[in-house]
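*Asks:* Here it is, the structure in full.
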Amino acid sequence: MKISVKEKGRRRITILLPSILIFNPLVAACAAGIINTRLRENGILDRDITPQQLRRLCRIIMRYKRKHPDWNLVEVKSQEGDEVVIRL
Amino acid sequence: MSKTLGTRIAEYRRAKGITQEELAERLNVSPQAVSKWENDVCCPDIMLLPKLAEILGVSIDTLLTDKAEPETRVLPEEKRKNIDEMTLRIIVNSGEGDKVRVNLPMALVKAGLELGMQMPQVSGNDALKNIDIKKILELVERGAYGKLIEVESADGDIVDISVE
């Protein structure tokens with residue numbers, strides 16, 4: 001996964017994260033609790049996400065990444081010229 | 001005057017938000033080759049046309065003849081893609097000039113739906129708070145393709161949702 005941040009007039013910062021380190025069953029199991037706490041705090045979801053569901057999401061993302069490497073998941077361009085790109 | 005193939009490639013590429021380098025990489029050609037196509041110095045190899053059209057999200061007919069396709073179509077069953085291979089594209093152009101583009105694999109949207117996610121959590125925009133993702137999924141399963149929703153909020157935000 002590649003997160004690229006560019007502020008207008010500044011150098012682009014690119015953070016490279018190995019996707020398998022983020023989207024793997026172990027992280028899914030550990031992160032489920034933290035994600036649920038945050039989601040409840042912000043009132044985003046009314047039910048908990050189970051580690052199994054999170055594992056499934058990870059599997060889908062990794063499968064998609066293998067099929068479409070360098071897939072631009074999110075691109076944000078602000079009016080001031082700042083740019084954020086999250087690439088799978 | 002009708003547009004040239006090069007102009008059409010450049011327009012569709014820009015509309016997709018793809019750079020010449022990205023397009024070249026996906027087609028296994030050099031960025032210079034893409035530049036030559038777009039400047040009408042030469043044409044893409046005929047064997048590359050299906051992949052090029054797929055990447056640009058148009059049919060080969062549209063790419064070669066500029067026959068505009070309707071923005072929204074209902075595809076017959078034999079032409080429908082596997083829903084898990086499709087992409088939900090959300091484009092938000094805010095009134096202040098910010099642009100957000102989210103390209104979500106449909107498989108991920110389906111999984112998110114099972115988790116109970118709703119549109120504002122996906123797009124981050126309140127203009128879409130009454131939109132039911134389930135209905136969008138149903139439309140796609142019935143063959144809807146292209147631009148499905150266009151919302152303009154009172155603040156001047158424009159949100160497009162399309163399926164490709």
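In the structure tokens, chains take letters A, B, ... by order of appearance, with residues numbered from 1 within each chain and ligands from 1 in the order shown.
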Determine which residues of segment 49-135 of chain B DSSP labels as helix (DSSP H, G or I) from the backbone of this structure, then write them out as number ranges by chain.

*Replies:* B: 49-56, 60-65, 77-79, 83-85, 106-114, 119-123, 126-128, 133-135

*Asks:* Leaving out segment 74-88 of chain A and any residue of its chain fewer than 6 positions from it, which residues lie within 6 Å of it when counting only C-alpha atoms, given as JSON, numbers by chain?

*Replies:* {"A": [1, 2, 3, 4, 5, 6, 7, 8], "B": [97, 98, 99, 100, 101, 102]}

*Asks:* Let me see the file: selected residues, C-alpha atoms, as a tab-separated table (two decimals), in the first residue's frame.

*Replies:*
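Result file is result-v5.tsv:
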```tsv
chain	number	residue	atom	x	y	z
A	1	MET	CA	0.00	0.00	0.00
A	2	LYS	CA	1.28	3.44	-0.88
A	3	ILE	CA	0.12	6.63	0.79
A	4	SER	CA	1.27	9.73	-0.97
A	5	VAL	CA	0.81	13.19	0.51
A	6	LYS	CA	1.69	16.37	-1.33
A	7	GLU	CA	1.29	19.78	0.21
A	8	LYS	CA	1.34	22.69	-2.17
B	97	GLY	CA	-13.21	23.26	-4.91
B	98	ASP	CA	-12.03	20.13	-3.10
B	99	LYS	CA	-12.17	16.90	-5.07
B	100	VAL	CA	-12.50	13.43	-3.62
B	101	ARG	CA	-12.43	10.31	-5.70
B	102	VAL	CA	-13.07	6.91	-4.13
```

*Asks:* With a distance threshold of 12 Å and counting only C-alpha atoms, extract the residues of chain B near chain A and express them as an MDAnalysis selection string.

*Replies:* chainID B and resid 16:19 21:23 25:26 55 84:124

*Asks:* So, with only C-alpha atoms as the atoms that count, which of B:Lys134, B:Lys3, B:Lys51, B:Arg8 lies closest to Trp37 of chain B?

*Replies:*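 Of B:Lys134, B:Lys3, B:Lys51, B:Arg8, the one nearest Trp37 of chain B is B:Arg8, counting only C-alpha atoms.
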
*Asks:* Give me the residues within 12 Å of Ile20 of chain A as number ranges by chain, counting only C-alpha atoms and dropping any in the same chain fewer than 2 places off.

*Replies:* A: 1, 16-18, 22-28, 55, 58-59, 61-63, 65-66, 88

*Asks:* In Å, with one decimal, what is the gap from atom CA of Leu56 of chain B to atom CA of Ile9 of chain B?

*Replies:* 7.9 Å

*Asks:* Between B:Val29, B:Leu52, B:Thr62, B:Ala144, which residue has the minimum interatomic distance to Lys81 of chain B, considering only C-alpha atoms?

*Replies:*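 Once distances to Lys81 of chain B are computed over only C-alpha atoms, the minimum belongs to B:Ala144.
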